[in-house]
$ cat final-v2.csv   # CSV, C-alpha atoms and all ligand atoms
chain,number,residue,atom,x,y,z
A,1,MET,CA,-71.3,-18.9,-31.9
A,2,PRO,CA,-68.1,-20.0,-30.3
A,3,ARG,CA,-65.6,-17.5,-28.9
A,4,THR,CA,-61.8,-17.8,-29.4
A,5,VAL,CA,-60.0,-18.4,-26.1
A,6,PHE,CA,-56.3,-18.3,-25.5
A,7,ALA,CA,-55.7,-21.7,-23.8
A,8,GLY,CA,-51.9,-21.5,-23.7
A,9,THR,CA,-49.0,-19.3,-24.7
A,10,GLY,CA,-45.4,-20.0,-25.2
A,11,TYR,CA,-42.1,-18.6,-26.5
A,12,TYR,CA,-38.6,-19.4,-27.4
A,13,VAL,CA,-35.6,-17.1,-27.9
A,14,PRO,CA,-32.1,-18.3,-28.8
A,15,GLU,CA,-29.5,-18.4,-26.0
A,16,ARG,CA,-27.0,-16.2,-27.9
A,17,VAL,CA,-27.2,-12.7,-26.4
A,18,ILE,CA,-25.9,-9.8,-28.5
A,19,THR,CA,-25.5,-6.6,-26.5
A,20,ASN,CA,-25.3,-3.1,-27.9
A,21,HIS,CA,-21.7,-3.2,-27.0
A,22,ASP,CA,-21.2,-6.3,-29.1
A,23,LEU,CA,-22.6,-4.4,-32.1
A,24,THR,CA,-19.9,-1.8,-31.8
A,25,GLN,CA,-17.3,-4.3,-33.0
A,26,TRP,CA,-19.0,-4.3,-36.5
A,27,MET,CA,-20.4,-0.9,-36.9
A,28,ASP,CA,-20.1,2.8,-35.9
A,29,THR,CA,-22.8,2.9,-33.1
A,30,SER,CA,-22.9,3.1,-29.4
A,31,ASP,CA,-24.9,1.8,-26.4
A,32,GLU,CA,-26.0,5.4,-25.6
A,33,TRP,CA,-27.4,6.0,-29.1
A,34,ILE,CA,-29.3,2.7,-29.2
A,35,VAL,CA,-30.7,3.0,-25.7
A,36,GLU,CA,-31.7,6.6,-26.1
A,37,ARG,CA,-33.4,6.2,-29.5
A,38,THR,CA,-34.9,2.7,-29.1
A,39,GLY,CA,-34.7,1.5,-25.5
A,40,ILE,CA,-33.0,-1.7,-26.7
A,41,ARG,CA,-30.1,-3.1,-24.6
A,42,GLU,CA,-29.7,-6.5,-26.1
A,43,ARG,CA,-31.2,-8.9,-28.5
A,44,ARG,CA,-31.0,-12.7,-29.3
A,45,TRP,CA,-29.5,-14.1,-32.5
A,46,VAL,CA,-29.8,-17.7,-33.7
A,47,PRO,CA,-26.7,-19.9,-33.6
A,48,GLU,CA,-25.7,-21.6,-36.9
A,49,GLY,CA,-28.2,-24.3,-37.8
A,50,MET,CA,-31.2,-23.0,-35.7
A,51,THR,CA,-34.3,-22.6,-38.0
A,52,GLY,CA,-37.5,-20.7,-37.6
A,53,ALA,CA,-39.4,-24.0,-37.6
A,54,GLU,CA,-37.3,-25.2,-34.7
A,55,MET,CA,-37.9,-22.1,-32.6
A,56,ALA,CA,-41.6,-22.2,-33.5
A,57,ARG,CA,-41.7,-25.9,-32.4
A,58,ARG,CA,-40.2,-25.0,-29.0
A,59,ALA,CA,-42.6,-22.1,-28.5
A,60,SER,CA,-45.6,-24.2,-29.6
A,61,LEU,CA,-44.7,-27.0,-27.2
A,62,MET,CA,-44.6,-24.6,-24.3
A,63,ALA,CA,-48.0,-23.2,-25.4
A,64,LEU,CA,-49.5,-26.7,-25.7
A,65,GLU,CA,-48.2,-27.7,-22.3
A,66,GLU,CA,-49.9,-24.7,-20.7
A,67,ALA,CA,-53.1,-25.6,-22.5
A,68,GLY,CA,-52.7,-29.2,-21.3
A,69,MET,CA,-52.7,-30.4,-24.9
A,70,GLU,CA,-50.6,-32.5,-27.4
A,71,PRO,CA,-49.7,-31.6,-31.0
A,72,GLY,CA,-52.3,-34.2,-32.1
A,73,ASP,CA,-55.0,-31.9,-30.7
A,74,ILE,CA,-54.3,-29.1,-33.2
A,75,ASP,CA,-56.7,-28.7,-36.1
A,76,ALA,CA,-54.9,-26.0,-38.0
A,77,ILE,CA,-51.7,-23.9,-37.9
A,78,VAL,CA,-51.5,-20.2,-38.7
A,79,LEU,CA,-47.9,-18.8,-38.8
A,80,GLY,CA,-46.8,-15.2,-39.2
A,81,THR,CA,-43.3,-14.6,-40.5
A,82,LEU,CA,-41.4,-12.3,-43.0
A,83,SER,CA,-38.3,-14.5,-42.8
A,84,PRO,CA,-39.4,-18.0,-43.9
A,85,ASP,CA,-36.8,-20.7,-43.5
A,86,VAL,CA,-36.8,-21.1,-47.4
A,87,PHE,CA,-38.2,-18.9,-50.1
A,88,PHE,CA,-41.0,-21.4,-50.4
A,89,PRO,CA,-42.8,-23.4,-49.0
A,90,GLY,CA,-43.7,-21.4,-45.9
A,91,THR,CA,-42.4,-22.2,-42.4
A,92,GLY,CA,-45.9,-23.4,-41.3
A,93,VAL,CA,-45.4,-26.7,-43.1
A,94,TYR,CA,-42.0,-27.3,-41.6
A,95,LEU,CA,-43.5,-26.6,-38.1
A,96,GLN,CA,-46.2,-29.1,-38.9
A,97,LYS,CA,-43.6,-31.7,-39.9
A,98,GLU,CA,-41.6,-31.0,-36.7
A,99,LEU,CA,-44.8,-31.4,-34.6
A,100,GLY,CA,-45.6,-34.7,-36.4
A,101,ILE,CA,-49.1,-33.8,-37.4
A,102,PRO,CA,-49.4,-34.5,-41.2
A,103,GLY,CA,-52.6,-33.5,-42.9
A,104,VAL,CA,-53.3,-30.5,-40.6
A,105,PRO,CA,-53.5,-27.3,-42.7
A,106,ALA,CA,-50.7,-24.8,-42.3
A,107,LEU,CA,-51.1,-21.2,-43.4
A,108,ASP,CA,-48.3,-18.7,-43.5
A,109,VAL,CA,-49.3,-15.0,-43.1
A,110,ARG,CA,-47.3,-12.3,-44.8
A,111,ALA,CA,-48.1,-9.3,-42.8
A,112,GLN,CA,-44.7,-8.6,-41.3
A,113,CYS,CA,-44.9,-7.1,-37.8
A,114,SER,CA,-48.6,-7.3,-37.9
A,115,GLY,CA,-48.5,-11.1,-38.7
A,116,PHE,CA,-49.7,-12.2,-35.2
A,117,VAL,CA,-52.7,-9.9,-35.2
A,118,TYR,CA,-53.5,-10.7,-38.8
A,119,GLY,CA,-53.2,-14.4,-38.0
A,120,LEU,CA,-55.4,-14.0,-34.9
A,121,SER,CA,-58.0,-12.4,-37.1
A,122,VAL,CA,-58.0,-15.4,-39.5
A,123,ALA,CA,-58.0,-17.9,-36.7
A,124,ASP,CA,-60.8,-16.1,-34.8
A,125,ALA,CA,-63.0,-16.2,-37.9
A,126,TRP,CA,-62.3,-19.9,-38.5
A,127,ILE,CA,-63.2,-20.7,-34.9
A,128,ARG,CA,-66.3,-18.5,-34.9
A,129,ALA,CA,-67.4,-20.1,-38.2
A,130,GLY,CA,-67.0,-23.6,-36.6
A,131,GLN,CA,-64.4,-24.6,-39.2
A,132,TYR,CA,-61.7,-25.5,-36.6
A,133,ARG,CA,-61.8,-25.8,-32.8
A,134,THR,CA,-58.1,-25.8,-31.9
A,135,ILE,CA,-55.7,-23.5,-33.8
A,136,LEU,CA,-51.9,-23.1,-33.2
A,137,LEU,CA,-51.1,-19.4,-33.9
A,138,VAL,CA,-47.3,-18.6,-34.2
A,139,GLY,CA,-45.1,-15.6,-34.9
A,140,VAL,CA,-41.5,-16.5,-35.6
A,141,GLU,CA,-38.6,-14.5,-37.0
A,142,ILE,CA,-35.0,-14.9,-37.9
A,143,GLN,CA,-33.8,-11.4,-38.7
A,144,SER,CA,-30.1,-11.7,-37.8
A,145,THR,CA,-29.1,-13.7,-40.9
A,146,GLY,CA,-30.4,-11.0,-43.1
A,147,LEU,CA,-29.1,-7.8,-41.6
A,148,ASP,CA,-26.3,-5.6,-42.9
A,149,ILE,CA,-24.0,-5.8,-39.9
A,150,SER,CA,-22.0,-2.8,-40.9
A,151,THR,CA,-22.2,1.0,-40.5
A,152,ARG,CA,-24.1,1.1,-43.8
A,153,GLY,CA,-27.0,-1.0,-42.2
A,154,ARG,CA,-26.8,0.3,-38.6
A,155,ASP,CA,-30.2,1.9,-38.6
A,156,LEU,CA,-31.9,-1.5,-39.0
A,157,ALA,CA,-29.2,-3.8,-37.6
A,158,VAL,CA,-29.5,-2.5,-34.1
A,159,LEU,CA,-33.3,-2.9,-34.0
A,160,PHE,CA,-34.0,-6.5,-34.9
A,161,GLY,CA,-33.7,-9.8,-33.1
A,162,ASP,CA,-34.7,-13.4,-33.4
A,163,GLY,CA,-37.4,-15.4,-31.6
A,164,ALA,CA,-40.7,-17.2,-31.6
A,165,GLY,CA,-44.0,-16.9,-29.8
A,166,ALA,CA,-47.1,-19.1,-29.9
A,167,ALA,CA,-50.6,-19.4,-28.7
A,168,VAL,CA,-53.1,-22.2,-28.6
A,169,LEU,CA,-56.5,-20.9,-29.5
A,170,VAL,CA,-59.6,-23.0,-28.7
A,171,ALA,CA,-63.3,-22.7,-29.3
A,172,GLY,CA,-65.0,-21.6,-26.0
A,173,ASP,CA,-68.7,-21.4,-25.2
A,174,ASP,CA,-68.3,-18.9,-22.4
A,175,ASP,CA,-69.5,-15.5,-23.7
A,176,ALA,CA,-67.7,-13.7,-20.9
A,177,ARG,CA,-64.3,-14.9,-22.2
A,178,GLY,CA,-62.2,-14.8,-25.4
A,179,VAL,CA,-61.4,-12.6,-28.4
A,180,LEU,CA,-64.0,-9.8,-28.5
A,181,SER,CA,-62.9,-8.5,-31.9
A,182,THR,CA,-59.9,-8.0,-34.3
A,183,HIS,CA,-59.3,-5.1,-36.6
A,184,ILE,CA,-56.8,-5.2,-39.4
A,185,HIS,CA,-55.6,-2.7,-42.0
A,186,ALA,CA,-53.0,-2.0,-44.7
A,187,ASP,CA,-51.8,0.8,-46.9
A,188,GLY,CA,-49.7,-0.4,-49.8
A,189,ARG,CA,-48.8,3.2,-50.8
A,190,TYR,CA,-46.1,2.9,-48.1
A,191,ALA,CA,-44.8,-0.6,-49.1
A,192,GLU,CA,-41.3,0.6,-49.8
A,193,MET,CA,-40.9,2.6,-46.6
A,194,LEU,CA,-39.7,-0.7,-45.0
A,195,TRP,CA,-39.0,-3.5,-47.4
A,196,GLY,CA,-36.7,-6.2,-48.7
A,197,GLU,CA,-36.3,-5.8,-52.4
A,198,CYS,CA,-34.0,-8.7,-53.4
A,199,GLY,CA,-34.1,-11.6,-54.4
A,200,SER,CA,-37.6,-11.2,-55.7
A,201,SER,CA,-39.6,-12.7,-58.5
A,202,ARG,CA,-40.2,-9.4,-60.2
A,203,LYS,CA,-36.5,-9.2,-61.0
A,204,HIS,CA,-34.8,-11.1,-63.8
A,205,PRO,CA,-32.7,-12.8,-62.5
A,206,ARG,CA,-33.9,-12.5,-59.0
A,207,ILE,CA,-30.6,-11.4,-57.6
A,208,THR,CA,-27.3,-10.4,-59.2
A,209,CYS,CA,-23.7,-9.9,-58.0
A,210,GLU,CA,-24.3,-6.1,-58.4
A,211,ASP,CA,-27.4,-6.3,-56.1
A,212,ILE,CA,-25.2,-7.9,-53.5
A,213,GLU,CA,-22.4,-5.4,-53.9
A,214,ALA,CA,-24.9,-2.6,-53.6
A,215,GLY,CA,-26.5,-4.2,-50.5
A,216,ARG,CA,-29.9,-4.4,-52.1
A,217,HIS,CA,-30.5,-7.8,-50.5
A,218,TYR,CA,-30.6,-6.1,-47.1
A,219,PRO,CA,-33.8,-4.6,-45.7
A,220,LYS,CA,-34.3,-0.9,-46.1
A,221,MET,CA,-36.3,1.5,-44.0
A,222,GLU,CA,-37.3,5.2,-43.8
A,223,GLY,CA,-37.1,5.2,-40.0
A,224,ARG,CA,-38.7,8.5,-39.3
A,225,GLU,CA,-41.7,7.9,-41.6
A,226,VAL,CA,-42.2,4.4,-40.1
A,227,PHE,CA,-42.0,6.0,-36.6
A,228,LYS,CA,-44.6,8.6,-37.4
A,229,HIS,CA,-47.1,6.2,-38.8
A,230,ALA,CA,-46.6,3.6,-36.0
A,231,VAL,CA,-47.4,6.1,-33.2
A,232,THR,CA,-50.6,7.2,-35.0
A,233,ARG,CA,-51.9,3.9,-36.3
A,234,MET,CA,-51.5,1.7,-33.2
A,235,PRO,CA,-53.5,4.0,-30.9
A,236,GLU,CA,-56.1,4.5,-33.6
A,237,ALA,CA,-56.5,0.8,-34.0
A,238,VAL,CA,-56.9,0.2,-30.3
A,239,LEU,CA,-59.6,3.0,-30.1
A,240,GLU,CA,-61.4,1.5,-33.1
A,241,ALA,CA,-61.5,-1.9,-31.3
A,242,LEU,CA,-62.7,-0.4,-28.0
A,243,ASP,CA,-65.4,1.6,-29.8
A,244,ALA,CA,-66.6,-1.6,-31.6
A,245,ASN,CA,-67.2,-3.2,-28.2
A,246,GLY,CA,-68.7,-0.2,-26.4
A,247,LEU,CA,-65.5,0.1,-24.3
A,248,THR,CA,-63.1,2.9,-23.4
A,249,THR,CA,-59.4,3.1,-22.6
A,250,ALA,CA,-60.4,3.0,-18.9
A,251,ASP,CA,-61.5,-0.6,-19.4
A,252,ILE,CA,-58.1,-1.8,-20.6
A,253,ASP,CA,-56.1,-3.8,-18.0
A,254,VAL,CA,-53.1,-4.6,-20.1
A,255,LEU,CA,-51.8,-3.4,-23.5
A,256,VAL,CA,-49.4,-5.5,-25.4
A,257,PRO,CA,-48.0,-3.4,-28.2
A,258,HIS,CA,-45.8,-4.6,-31.0
A,259,GLN,CA,-42.2,-4.1,-29.8
A,260,ALA,CA,-40.8,-1.8,-32.5
A,261,ASN,CA,-39.1,0.8,-30.4
A,262,LEU,CA,-39.6,1.6,-26.7
A,263,ARG,CA,-40.2,5.3,-27.7
A,264,ILE,CA,-43.0,4.2,-30.0
A,265,SER,CA,-44.6,2.1,-27.2
A,266,GLN,CA,-44.3,5.0,-24.8
A,267,MET,CA,-46.0,7.4,-27.2
A,268,VAL,CA,-48.8,4.8,-27.8
A,269,GLN,CA,-49.2,4.5,-24.0
A,270,ARG,CA,-49.5,8.3,-23.6
A,271,ARG,CA,-52.0,8.6,-26.4
A,272,LEU,CA,-54.2,6.0,-24.7
A,273,GLY,CA,-53.6,7.4,-21.2
A,274,LEU,CA,-52.3,4.2,-19.7
A,275,ARG,CA,-50.0,3.7,-16.7
A,276,ASP,CA,-46.5,2.1,-17.1
A,277,ASP,CA,-47.7,-1.0,-15.3
A,278,GLN,CA,-50.4,-1.5,-17.9
A,279,VAL,CA,-48.1,-1.7,-20.9
A,280,VAL,CA,-45.9,-4.8,-21.6
A,281,ASN,CA,-42.4,-3.9,-22.8
A,282,ASN,CA,-39.7,-6.4,-23.3
A,283,ILE,CA,-37.9,-4.8,-26.3
A,284,GLN,CA,-35.0,-3.9,-23.9
A,285,ARG,CA,-34.1,-7.6,-23.9
A,286,TYR,CA,-35.1,-8.9,-27.3
A,287,GLY,CA,-35.2,-6.0,-29.8
A,288,ASN,CA,-37.8,-6.1,-32.5
A,289,THR,CA,-38.6,-9.7,-33.4
A,290,THR,CA,-41.2,-8.7,-35.9
A,291,ALA,CA,-44.1,-11.2,-36.0
A,292,ALA,CA,-42.9,-12.7,-32.8
A,293,THR,CA,-42.9,-9.7,-30.5
A,294,ILE,CA,-46.6,-9.8,-29.5
A,295,PRO,CA,-46.8,-13.6,-28.7
A,296,ILE,CA,-43.4,-13.5,-26.8
A,297,ALA,CA,-44.6,-10.5,-24.8
A,298,LEU,CA,-48.0,-12.2,-24.1
A,299,ALA,CA,-46.3,-15.4,-23.0
A,300,GLU,CA,-44.0,-13.6,-20.7
A,301,ALA,CA,-46.7,-11.4,-19.2
A,302,VAL,CA,-48.9,-14.4,-18.5
A,303,ARG,CA,-45.9,-16.1,-16.7
A,304,GLU,CA,-45.2,-13.0,-14.7
A,305,GLY,CA,-48.8,-12.8,-13.6
A,306,ARG,CA,-49.3,-9.5,-15.4
A,307,ILE,CA,-52.1,-11.0,-17.5
A,308,GLN,CA,-54.7,-12.9,-15.5
A,309,ARG,CA,-58.0,-14.5,-16.1
A,310,GLY,CA,-60.7,-11.8,-16.5
A,311,HIS,CA,-58.3,-9.0,-17.7
A,312,LEU,CA,-59.2,-7.0,-20.7
A,313,VAL,CA,-56.1,-7.2,-22.9
A,314,ALA,CA,-55.5,-5.1,-26.0
A,315,LEU,CA,-53.0,-6.0,-28.7
A,316,ALA,CA,-51.7,-3.4,-31.2
A,317,ALA,CA,-49.5,-4.0,-34.2
A,318,PHE,CA,-47.8,-2.0,-36.9
A,319,GLY,CA,-45.3,-3.0,-39.5
A,320,SER,CA,-44.0,-3.1,-43.1
A,321,GLY,CA,-46.7,-2.9,-45.8
A,322,PHE,CA,-47.8,-0.7,-44.0
A,323,THR,CA,-50.0,-3.2,-42.1
A,324,TRP,CA,-51.5,-2.6,-38.7
A,325,GLY,CA,-54.2,-3.9,-36.4
A,326,SER,CA,-55.6,-4.5,-33.0
A,327,ALA,CA,-57.4,-7.1,-31.0
A,328,ILE,CA,-59.4,-6.9,-27.7
A,329,ILE,CA,-59.4,-10.1,-25.6
A,330,ARG,CA,-61.2,-10.9,-22.3
A,331,TRP,CA,-58.5,-13.2,-21.0
B,401,LIG,O1,-41.9,-2.7,-36.8
B,401,LIG,C1,-41.6,-1.5,-37.4
B,401,LIG,C2,-40.1,-1.5,-37.5
B,401,LIG,N1,-39.4,-0.3,-37.5
B,401,LIG,C3,-39.6,0.7,-36.7
B,401,LIG,O2,-40.4,0.8,-35.8
B,401,LIG,C4,-38.6,1.8,-36.8
B,401,LIG,C5,-39.2,3.2,-36.5
B,401,LIG,N2,-38.1,4.2,-36.5
B,401,LIG,C6,-37.3,4.3,-35.5
B,401,LIG,O3,-37.4,3.6,-34.5
B,401,LIG,C7,-36.2,5.4,-35.6
B,401,LIG,O4,-36.4,6.2,-36.8
B,401,LIG,C8,-34.8,4.9,-35.6
B,401,LIG,C9,-34.4,4.3,-34.2
B,401,LIG,C10,-34.6,3.8,-36.6
B,401,LIG,C11,-33.8,6.0,-35.9
B,401,LIG,O5,-33.9,7.0,-35.0
B,401,LIG,P1,-34.1,8.5,-35.5
B,401,LIG,O6,-34.1,9.4,-34.3
B,401,LIG,O7,-35.2,8.6,-36.4
B,401,LIG,O8,-32.7,8.8,-36.2
B,401,LIG,P2,-32.4,9.1,-37.7
B,401,LIG,O9,-32.7,8.0,-38.6
B,401,LIG,O10,-33.0,10.5,-38.0
B,401,LIG,O11,-30.8,9.3,-37.7
B,401,LIG,C12,-30.2,10.3,-36.8
B,401,LIG,C13,-28.7,10.1,-36.9
B,401,LIG,C14,-28.2,10.0,-38.4
B,401,LIG,O12,-26.9,10.7,-38.4
B,401,LIG,P3,-26.9,12.2,-39.0
B,401,LIG,O13,-27.4,12.1,-40.4
B,401,LIG,O14,-27.7,13.0,-38.1
B,401,LIG,O15,-25.4,12.5,-38.9
B,401,LIG,C15,-28.0,8.6,-38.6
B,401,LIG,O16,-27.0,8.3,-39.5
B,401,LIG,O17,-28.3,8.9,-36.3
B,401,LIG,C16,-27.5,8.1,-37.2
B,401,LIG,N3,-27.7,6.7,-36.9
B,401,LIG,C17,-27.0,6.0,-36.0
B,401,LIG,N4,-26.0,6.4,-35.2
B,401,LIG,C18,-25.5,5.5,-34.3
B,401,LIG,C19,-28.6,5.9,-37.5
B,401,LIG,N5,-28.5,4.7,-37.0
B,401,LIG,C20,-27.5,4.7,-36.0
B,401,LIG,C21,-27.0,3.8,-35.1
B,401,LIG,N6,-26.0,4.2,-34.3
B,401,LIG,N7,-27.4,2.5,-35.1
$ encode --input "final-v2.csv" --output "structure tokens" --more "lines below"
Ligand code: UT7
Amino acid sequence: MPRTVFAGTGYYVPERVITNHDLTQWMDTSDEWIVERTGIRERRWVPEGMTGAEMARRASLMALEEAGMEPGDIDAIVLGTLSPDVFFPGTGVYLQKELGIPGVPALDVRAQCSGFVYGLSVADAWIRAGQYRTILLVGVEIQSTGLDISTRGRDLAVLFGDGAGAAVLVAGDDDARGVLSTHIHADGRYAEMLWGECGSSRKHPRITCEDIEAGRHYPKMEGREVFKHAVTRMPEAVLEALDANGLTTADIDVLVPHQANLRISQMVQRRLGLRDDQVVNNIQRYGNTTAATIPIALAEAVREGRIQRGHLVALAAFGSGFTWGSAIIRW
């Protein structure tokens, strides 16, 4: 049975930097509050006209270049996002159009911050089953156009950023290398702990002027509950993955956790007994880019030489749904 190998990684973040200080123009917040509670110092926001598909295209071309491949080599696209460019169709088909590869299947994954790990689980199963040999896996998010940039929305507005990350996954025959396993979970009882209610199909009409006046078109979050679940579920999922492969935390070389909050990542690190240099954190510079955090962090860590051939890499995700998951990869 073939193994899923990461042949290339890539990322793209918009050039427009929004510092914590910039946010104080629009809301009652401070650099001290944001840094102390989240670790975030700045994030990137898209300029007018930049789409998710365009960011995804740039990240994908970087990943393809590292893999020594062309768009025409891709057999399938799996794309995680909670912020599609339009309500429908998904961003995957727009990315496919931008890459100029008509006919290639494009699947959008709706698993929020866990979108990349969920997508990896699907792509890995396709590769193992022999259905496709080269899959482009992308996480892309534009949060900035949907945030309440006022004191009312400050709990969420300071957290999120925009960006895209991509990986080219190929079928490999070397048993010593590739994705060892993926583990994904969800618990819909917590769906409304972090959610976007409007405009949605269960409402008639989908959005009203009253909804907009009340700010119901902005995302809502019970921050403390999300925090509590994130610091429990992510280590749990990593331990589940290690156990499934007869490994322990001592075998991990690098952990790439979803970048939700630096405090969350530090607690996950402590629970797994890892050193600082084993955990990839870039939330300080990008904030939480939802489905894009893990592939952006992976691509940066590869370029910095922190992830090298032969390393045991663990991924851990947690997000709205709640959804969560992990993956163990022999790089
Ligand atoms: O991928 C998953 C995505 N989400 C997450 O991972 C979020 C998880 N949760 C968190 O990271 C934290 O709960 C937050 C960073 C969002 C909030 O930190 P907290 O320590 O849980 O603060 P809190 O919500 O309990 O709020 C404490 C105070 C409140 O004021 P009062 O009621 O004590 O007067 C808030 O109104 O901080 C206030 N506050 C702010 N102050 C300045 C909330 N947001 C801000 C802000 N700036 N941006």
$ residues_around --input "final-v2.csv" --residues "Thr4 of chain A" --least-positions-apart "6" --cutoff "8 Å" --atoms "only C-alpha atoms" --output "ChimeraX atom specification"
/A:124,127-128,169-172,178-179
$ residues_around --input "final-v2.csv" --residues "segment 130-145 of chain A" --least-positions-apart "2" --cutoff "7 Å" --atoms "all atoms listed in the file" --output "PyMOL selection string"
chain A and resi 45+52+56+73-83+115-116+119-120+123+126-128+147+160-171+289-292+295
$ residues_near_ligand --input "final-v2.csv" --ligand "ligand LIG 401 (chain B)" --cutoff "9 Å" --atoms "all atoms listed in the file" --output "JSON, numbers by chain"
{"A": [23, 24, 27, 28, 29, 30, 31, 32, 33, 34, 36, 37, 38, 112, 113, 114, 151, 152, 153, 154, 155, 156, 157, 158, 159, 160, 194, 221, 222, 223, 224, 225, 226, 227, 228, 229, 230, 258, 259, 260, 261, 262, 263, 264, 288, 289, 290, 291, 317, 318, 319, 320]}
$ atom_distance --input "final-v2.csv" --atom1 "atom CA of Met62 of chain A" --atom2 "atom CA of Val117 of chain A"
20.0 Å
$ atom_distance --input "final-v2.csv" --atom1 "atom CA of Asp108 of chain A" --atom2 "atom CA of Asp174 of chain A"
29.1 Å
$ atom_distance --input "final-v2.csv" --atom1 "atom CA of Arg271 of chain A" --atom2 "atom CA of Met234 of chain A"
9.7 Å
$ residues_near_point --input "final-v2.csv" --point "(-62.2, -13.4, -26.9)" --cutoff "9 Å" --atoms "all atoms listed in the file" --output "VMD selection string"
chain A and resid 3 to 6 124 172 175 to 181 327 to 331
